[in-house]
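Q: Please read through the structure below; I'll follow up with questions.
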Amino acid sequence: MKLKNKVAVVTGASSGIGKAIAKQLASEGCNVALASRSTDKLEELAKEIDTKTLVVKMDVSQTASVNKAFEEILDKMGRIDILVNSAGVMPLSYLKNRHLDEWLQTIEVNVKGCLRCIYEVLPAMKAQKEGHIINIASVDGKELFEGGAVYGASKAAVIALSQAMRMELSPEFNIRVTAIEPGTVDTDLREDITDEELLEDKDYGGDEPKLEAKHIANAVLYAVEQPNEVNVNEILIKPTGKS
Ligand SMILES: NC(=O)c1ccc[n+]([C@@H]2O[C@H](COP(=O)([O-])OP(=O)(O)OC[C@H]3O[C@@H](n4cnc5c(N)ncnc54)[C@H](OP(=O)(O)O)[C@@H]3O)[C@@H](O)[C@H]2O)c1
């Protein structure tokens, strides 16, 4: 129980990777603020958790929503030790098919959503002179593929942001920053895809090896459980069988 009484905020906690991370952190003693748009799912998750939980409605694409949610978290939980930015969308599409709204939403949620949450936790973490921000990026930010241009760009931005955050926030404020870069994980994320041509070309339900969300939660736990003087900068994690 190394994390006993630490307070973690997990965005995207209603599903997949964020949900597994919230459960994992709670099982190690963290009190967790569960954030996403689907509060019904968050309430269900809260019932599975033994430590103190707070369900907060948060749309990371809306500055006012994020601001209100963090005000409530600080009011009710008192502090924030760990922020996990897991909220994300992945409406993969070929550029030639011009899914502009999806491109913009990908940047809005995956990049700007992260920024909004980082903005909100900085005053508390700076004052505490301690904190850990975990950004769930993706291997797709490093290994690009056709159909993954905008999603890959959004995750490349998160990886670059994480690196720069370490440079600025770690020496002065003792804030640790970790980018987690998963390969394919078995979650609902691919349901965001509407590009019929891409769906015909790629077999997402097929036999390709996939990680489970709990494997990513294990990686997060490894990073947060290190002694304060150790910053795990990046973890790139793929299923065995994938090069
Ligand atoms: N699955 C993979 O293969 C994989 C690989 C690498 C990286 N990732 C990254 O892992 C993260 C989690 O994805 P996942 O695989 O767990 O997918 P998922 O099961 O579809 O979960 C996505 C989560 O993001 C939340 N979300 C989406 N839009 C949001 C918004 N506007 N405001 C707040 N929350 C929002 C959803 O909650 P609500 O709908 O309740 O708001 C949901 O909890 C994402 O950043 C994804 O890019 C996934």
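Identifiers for the structure tokens are assigned positionally: chains receive A, B, ... in sequence, residues are indexed from 1 per chain, and ligands are indexed from 1 in the order shown.
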Near Arg166 of chain A, within 12 Å and counting only C-alpha atoms, which residues show up once chain neighbours fewer than 2 positions away are dropped, as an MDAnalysis selection string?
A: chainID A and resid 131:135 159:164 168:179 231:234
Q: I need the chosen residues saved as a PDB file, in the first residue's frame, with N, CA and C atoms.
A:
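Once everything was written out, this is again-v2.pdb:
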ATOM      1  N   GLY A 131       4.284  16.038  -7.249  1.00  0.00           N
ATOM      2  CA  GLY A 131       3.155  15.595  -8.064  1.00  0.00           C
ATOM      3  C   GLY A 131       3.661  14.696  -9.175  1.00  0.00           C
ATOM      4  N   HIS A 132       2.743  13.957  -9.768  1.00  0.00           N
ATOM      5  CA  HIS A 132       3.126  13.049 -10.861  1.00  0.00           C
ATOM      6  C   HIS A 132       2.034  13.117 -11.927  1.00  0.00           C
ATOM      7  N   ILE A 133       2.432  13.489 -13.126  1.00  0.00           N
ATOM      8  CA  ILE A 133       1.476  13.552 -14.246  1.00  0.00           C
ATOM      9  C   ILE A 133       1.811  12.439 -15.227  1.00  0.00           C
ATOM     10  N   ILE A 134       0.807  11.597 -15.456  1.00  0.00           N
ATOM     11  CA  ILE A 134       0.975  10.464 -16.377  1.00  0.00           C
ATOM     12  C   ILE A 134       0.137  10.764 -17.616  1.00  0.00           C
ATOM     13  N   ASN A 135       0.771  10.843 -18.754  1.00  0.00           N
ATOM     14  CA  ASN A 135       0.049  11.062 -20.005  1.00  0.00           C
ATOM     15  C   ASN A 135      -0.022   9.748 -20.784  1.00  0.00           C
ATOM     16  N   ILE A 159       3.665  13.132 -26.525  1.00  0.00           N
ATOM     17  CA  ILE A 159       5.014  12.655 -26.161  1.00  0.00           C
ATOM     18  C   ILE A 159       5.975  13.852 -26.062  1.00  0.00           C
ATOM     19  N   ALA A 160       5.897  14.760 -27.032  1.00  0.00           N
ATOM     20  CA  ALA A 160       6.767  15.948 -27.011  1.00  0.00           C
ATOM     21  C   ALA A 160       6.436  16.830 -25.802  1.00  0.00           C
ATOM     22  N   LEU A 161       5.157  16.991 -25.553  1.00  0.00           N
ATOM     23  CA  LEU A 161       4.712  17.791 -24.407  1.00  0.00           C
ATOM     24  C   LEU A 161       5.262  17.202 -23.100  1.00  0.00           C
ATOM     25  N   SER A 162       5.195  15.888 -22.979  1.00  0.00           N
ATOM     26  CA  SER A 162       5.665  15.224 -21.756  1.00  0.00           C
ATOM     27  C   SER A 162       7.154  15.492 -21.533  1.00  0.00           C
ATOM     28  N   GLN A 163       7.912  15.441 -22.635  1.00  0.00           N
ATOM     29  CA  GLN A 163       9.358  15.681 -22.538  1.00  0.00           C
ATOM     30  C   GLN A 163       9.631  17.109 -22.061  1.00  0.00           C
ATOM     31  N   ALA A 164       8.934  18.063 -22.661  1.00  0.00           N
ATOM     32  CA  ALA A 164       9.138  19.471 -22.291  1.00  0.00           C
ATOM     33  C   ALA A 164       8.643  19.744 -20.869  1.00  0.00           C
ATOM     34  N   GLU A 168      10.741  21.537 -17.658  1.00  0.00           N
ATOM     35  CA  GLU A 168      10.325  22.752 -16.946  1.00  0.00           C
ATOM     36  C   GLU A 168       9.832  22.487 -15.530  1.00  0.00           C
ATOM     37  N   LEU A 169       9.150  21.377 -15.341  1.00  0.00           N
ATOM     38  CA  LEU A 169       8.431  21.192 -14.071  1.00  0.00           C
ATOM     39  C   LEU A 169       9.181  20.327 -13.064  1.00  0.00           C
ATOM     40  N   SER A 170      10.075  19.487 -13.574  1.00  0.00           N
ATOM     41  CA  SER A 170      10.749  18.557 -12.671  1.00  0.00           C
ATOM     42  C   SER A 170      11.807  19.259 -11.809  1.00  0.00           C
ATOM     43  N   PRO A 171      12.751  20.036 -12.394  1.00  0.00           N
ATOM     44  CA  PRO A 171      13.795  20.624 -11.537  1.00  0.00           C
ATOM     45  C   PRO A 171      13.233  21.630 -10.535  1.00  0.00           C
ATOM     46  N   GLU A 172      12.298  22.467 -10.978  1.00  0.00           N
ATOM     47  CA  GLU A 172      11.846  23.565 -10.116  1.00  0.00           C
ATOM     48  C   GLU A 172      10.770  23.134  -9.112  1.00  0.00           C
ATOM     49  N   PHE A 173       9.915  22.212  -9.545  1.00  0.00           N
ATOM     50  CA  PHE A 173       8.741  21.911  -8.703  1.00  0.00           C
ATOM     51  C   PHE A 173       8.649  20.454  -8.268  1.00  0.00           C
ATOM     52  N   ASN A 174       9.664  19.652  -8.648  1.00  0.00           N
ATOM     53  CA  ASN A 174       9.657  18.254  -8.212  1.00  0.00           C
ATOM     54  C   ASN A 174       8.424  17.503  -8.738  1.00  0.00           C
ATOM     55  N   ILE A 175       7.952  17.919  -9.906  1.00  0.00           N
ATOM     56  CA  ILE A 175       6.797  17.241 -10.517  1.00  0.00           C
ATOM     57  C   ILE A 175       7.340  16.217 -11.515  1.00  0.00           C
ATOM     58  N   ARG A 176       6.912  14.963 -11.335  1.00  0.00           N
ATOM     59  CA  ARG A 176       7.351  13.899 -12.247  1.00  0.00           C
ATOM     60  C   ARG A 176       6.362  13.774 -13.401  1.00  0.00           C
ATOM     61  N   VAL A 177       6.878  13.437 -14.567  1.00  0.00           N
ATOM     62  CA  VAL A 177       6.023  13.307 -15.751  1.00  0.00           C
ATOM     63  C   VAL A 177       6.400  12.022 -16.492  1.00  0.00           C
ATOM     64  N   THR A 178       5.395  11.217 -16.781  1.00  0.00           N
ATOM     65  CA  THR A 178       5.627   9.950 -17.478  1.00  0.00           C
ATOM     66  C   THR A 178       4.708   9.857 -18.692  1.00  0.00           C
ATOM     67  N   ALA A 179       5.277   9.520 -19.828  1.00  0.00           N
ATOM     68  CA  ALA A 179       4.461   9.216 -21.018  1.00  0.00           C
ATOM     69  C   ALA A 179       4.389   7.700 -21.170  1.00  0.00           C
ATOM     70  N   ASN A 231      12.283   9.349 -11.806  1.00  0.00           N
ATOM     71  CA  ASN A 231      11.236   9.677 -12.791  1.00  0.00           C
ATOM     72  C   ASN A 231      11.308   8.677 -13.945  1.00  0.00           C
ATOM     73  N   VAL A 232      10.278   7.903 -14.092  1.00  0.00           N
ATOM     74  CA  VAL A 232      10.186   7.008 -15.261  1.00  0.00           C
ATOM     75  C   VAL A 232       9.676   7.872 -16.412  1.00  0.00           C
ATOM     76  N   ASN A 233      10.553   8.195 -17.347  1.00  0.00           N
ATOM     77  CA  ASN A 233      10.197   9.149 -18.409  1.00  0.00           C
ATOM     78  C   ASN A 233       9.164   8.584 -19.380  1.00  0.00           C
ATOM     79  N   GLU A 234       9.447   7.391 -19.900  1.00  0.00           N
ATOM     80  CA  GLU A 234       8.556   6.814 -20.917  1.00  0.00           C
ATOM     81  C   GLU A 234       8.476   5.307 -20.719  1.00  0.00           C
TER      82      GLU A 234
END
Q: Considering only strand (DSSP E or B) as DSSP defines it on the backbone, what residues of segment 7-195 of chain A qualify? List them as a ChimeraX atom specification.
A: /A:7-11,31-36,53-57,82-85,131-136,175-182,185
Q: Create the file for the chosen residues now, containing N, CA, C and O atoms and written as a compact mmCIF listing (two decimals), in the first residue's frame.
A:
# COMPACT_ATOMS: atom_id res chain seq x y z
N VAL A 7 -3.93 11.06 -3.55
CA VAL A 7 -5.12 11.38 -4.35
C VAL A 7 -4.76 11.37 -5.83
O VAL A 7 -3.84 12.09 -6.26
N ALA A 8 -5.47 10.54 -6.59
CA ALA A 8 -5.24 10.47 -8.03
C ALA A 8 -6.49 10.91 -8.78
O ALA A 8 -7.61 10.56 -8.38
N VAL A 9 -6.30 11.66 -9.83
CA VAL A 9 -7.39 11.99 -10.75
C VAL A 9 -7.15 11.20 -12.02
O VAL A 9 -6.06 11.26 -12.59
N VAL A 10 -8.16 10.45 -12.46
CA VAL A 10 -8.01 9.67 -13.69
C VAL A 10 -9.08 10.13 -14.67
O VAL A 10 -10.29 9.98 -14.41
N THR A 11 -8.66 10.71 -15.80
CA THR A 11 -9.63 11.06 -16.84
C THR A 11 -9.84 9.83 -17.74
O THR A 11 -8.99 8.95 -17.82
N ASN A 31 -6.86 7.27 -3.07
CA ASN A 31 -8.22 7.79 -3.23
C ASN A 31 -8.31 8.34 -4.65
O ASN A 31 -7.37 8.99 -5.12
N VAL A 32 -9.42 8.03 -5.34
CA VAL A 32 -9.44 8.38 -6.77
C VAL A 32 -10.64 9.22 -7.17
O VAL A 32 -11.79 8.90 -6.82
N ALA A 33 -10.35 10.27 -7.92
CA ALA A 33 -11.41 11.03 -8.59
C ALA A 33 -11.57 10.44 -9.97
O ALA A 33 -10.61 10.37 -10.75
N LEU A 34 -12.78 9.98 -10.26
CA LEU A 34 -13.08 9.29 -11.52
C LEU A 34 -13.75 10.31 -12.44
O LEU A 34 -14.84 10.79 -12.13
N ALA A 35 -13.12 10.60 -13.57
CA ALA A 35 -13.63 11.68 -14.43
C ALA A 35 -13.88 11.19 -15.85
O ALA A 35 -13.07 10.46 -16.42
N SER A 36 -15.04 11.59 -16.38
CA SER A 36 -15.36 11.42 -17.81
C SER A 36 -16.75 12.02 -18.01
O SER A 36 -17.30 12.61 -17.07
N THR A 53 -13.71 7.56 -3.19
CA THR A 53 -13.81 7.92 -4.61
C THR A 53 -14.66 9.18 -4.74
O THR A 53 -15.48 9.49 -3.88
N LEU A 54 -14.46 9.87 -5.86
CA LEU A 54 -15.31 11.00 -6.21
C LEU A 54 -15.61 10.87 -7.70
O LEU A 54 -14.69 10.75 -8.52
N VAL A 55 -16.89 10.86 -8.03
CA VAL A 55 -17.29 10.82 -9.44
C VAL A 55 -17.48 12.25 -9.92
O VAL A 55 -18.23 13.01 -9.33
N VAL A 56 -16.75 12.62 -10.97
CA VAL A 56 -16.92 13.99 -11.50
C VAL A 56 -17.17 13.94 -13.00
O VAL A 56 -16.48 13.24 -13.75
N LYS A 57 -18.18 14.69 -13.42
CA LYS A 57 -18.46 14.81 -14.85
C LYS A 57 -17.44 15.76 -15.44
O LYS A 57 -17.26 16.89 -14.95
N ILE A 82 -1.55 12.73 -8.10
CA ILE A 82 -1.32 12.06 -9.39
C ILE A 82 -2.43 12.47 -10.35
O ILE A 82 -3.62 12.44 -9.98
N LEU A 83 -2.05 12.87 -11.55
CA LEU A 83 -3.04 13.09 -12.62
C LEU A 83 -2.73 12.08 -13.73
O LEU A 83 -1.59 12.02 -14.20
N VAL A 84 -3.74 11.30 -14.11
CA VAL A 84 -3.57 10.40 -15.26
C VAL A 84 -4.47 10.91 -16.38
O VAL A 84 -5.70 10.90 -16.26
N ASN A 85 -3.86 11.37 -17.46
CA ASN A 85 -4.61 11.81 -18.63
C ASN A 85 -4.83 10.63 -19.56
O ASN A 85 -3.97 10.29 -20.37
N GLY A 131 4.28 16.04 -7.25
CA GLY A 131 3.15 15.59 -8.06
C GLY A 131 3.66 14.70 -9.17
O GLY A 131 4.87 14.64 -9.46
N HIS A 132 2.74 13.96 -9.77
CA HIS A 132 3.13 13.05 -10.86
C HIS A 132 2.03 13.12 -11.93
O HIS A 132 0.86 12.88 -11.63
N ILE A 133 2.43 13.49 -13.13
CA ILE A 133 1.48 13.55 -14.25
C ILE A 133 1.81 12.44 -15.23
O ILE A 133 2.94 12.33 -15.70
N ILE A 134 0.81 11.60 -15.46
CA ILE A 134 0.97 10.46 -16.38
C ILE A 134 0.14 10.76 -17.62
O ILE A 134 -1.09 10.91 -17.52
N ASN A 135 0.77 10.84 -18.75
CA ASN A 135 0.05 11.06 -20.00
C ASN A 135 -0.02 9.75 -20.78
O ASN A 135 1.02 9.16 -21.10
N ILE A 136 -1.24 9.30 -21.06
CA ILE A 136 -1.38 8.08 -21.87
C ILE A 136 -1.28 8.49 -23.34
O ILE A 136 -2.24 9.00 -23.93
N ILE A 175 7.95 17.92 -9.91
CA ILE A 175 6.80 17.24 -10.52
C ILE A 175 7.34 16.22 -11.52
O ILE A 175 8.13 16.55 -12.40
N ARG A 176 6.91 14.96 -11.33
CA ARG A 176 7.35 13.90 -12.25
C ARG A 176 6.36 13.77 -13.40
O ARG A 176 5.16 14.00 -13.23
N VAL A 177 6.88 13.44 -14.57
CA VAL A 177 6.02 13.31 -15.75
C VAL A 177 6.40 12.02 -16.49
O VAL A 177 7.58 11.78 -16.77
N THR A 178 5.39 11.22 -16.78
CA THR A 178 5.63 9.95 -17.48
C THR A 178 4.71 9.86 -18.69
O THR A 178 3.50 10.10 -18.57
N ALA A 179 5.28 9.52 -19.83
CA ALA A 179 4.46 9.22 -21.02
C ALA A 179 4.39 7.70 -21.17
O ALA A 179 5.42 7.02 -21.21
N ILE A 180 3.17 7.19 -21.22
CA ILE A 180 2.97 5.74 -21.44
C ILE A 180 2.56 5.58 -22.90
O ILE A 180 1.65 6.27 -23.39
N GLU A 181 3.23 4.68 -23.60
CA GLU A 181 3.01 4.54 -25.05
C GLU A 181 2.59 3.11 -25.39
O GLU A 181 3.40 2.28 -25.76
N PRO A 182 1.29 2.83 -25.22
CA PRO A 182 0.85 1.46 -25.48
C PRO A 182 0.73 1.16 -26.98
O PRO A 182 0.41 2.04 -27.77
N VAL A 185 -4.36 -2.23 -27.49
CA VAL A 185 -4.98 -2.72 -26.25
C VAL A 185 -6.44 -3.04 -26.56
O VAL A 185 -7.10 -2.32 -27.31
Q: Quick one: residues within 7 Å of ligand 1, with only C-alpha atoms and all ligand atoms, as a ChimeraX atom specification?
A: /A:11-18,36-39,58-61,86-90,109-110,136-139,181-189
Q: Distance atom CA of Leu199 of chain A-atom CA of Lys238 of chain A, one decimal place?
A: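 That distance, rounded to one decimal, is 22.2 Å.
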Q: Measuring atom to atom with only C-alpha atoms, identify which of A:Thr106, A:Thr63, A:Asn218, A:Ser93 is nearest to Gln24 of chain A.
A: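 So, comparing all the options, the nearest one is A:Asn218.
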Q: Quick one: of A:Ile73, A:Val158, A:Leu92, A:Leu25, who's nearest to Asp192 of chain A, counting only C-alpha atoms?
A: A:Leu92
Q: Using DSSP secondary structure from the backbone, list all alpha helix (DSSP H) positions within segment 3-233 of chain A, as a ChimeraX atom specification.
A: /A:16-27,39-47,63-77,100-106,113-128,149-173,196-201,213-225
Q: Select, from A:Ala153, A:Val230, A:Val66, A:Leu236, the residue with the minimum atom-to-atom distance to Cys117 of chain A, counting only C-alpha atoms.
A: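 Going through A:Ala153, A:Val230, A:Val66, A:Leu236 one by one, the smallest distance to Cys117 of chain A is for A:Val66.
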Q: Of the residues A:Ala64, A:Glu196, A:Glu130, A:Ile107, which is the one nearest to Ser154 of chain A, using only C-alpha atoms?
A: A:Ile107
Q: Can you work out the spacing between atom CA of Asp140 of chain A and atom CA of Ala223 of chain A in Å, to one decimal?
A: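 Interatomic distance, atom CA of Asp140 of chain A to atom CA of Ala223 of chain A: 20.7 Å.
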Q: Identify which of the residues A:Cys30, A:Glu200, A:Ile193, A:Gly241 lies closest to Leu3 of chain A, counting only C-alpha atoms when measuring atom-to-atom distances.
A: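 Of all the options, A:Cys30 lies closest to Leu3 of chain A.
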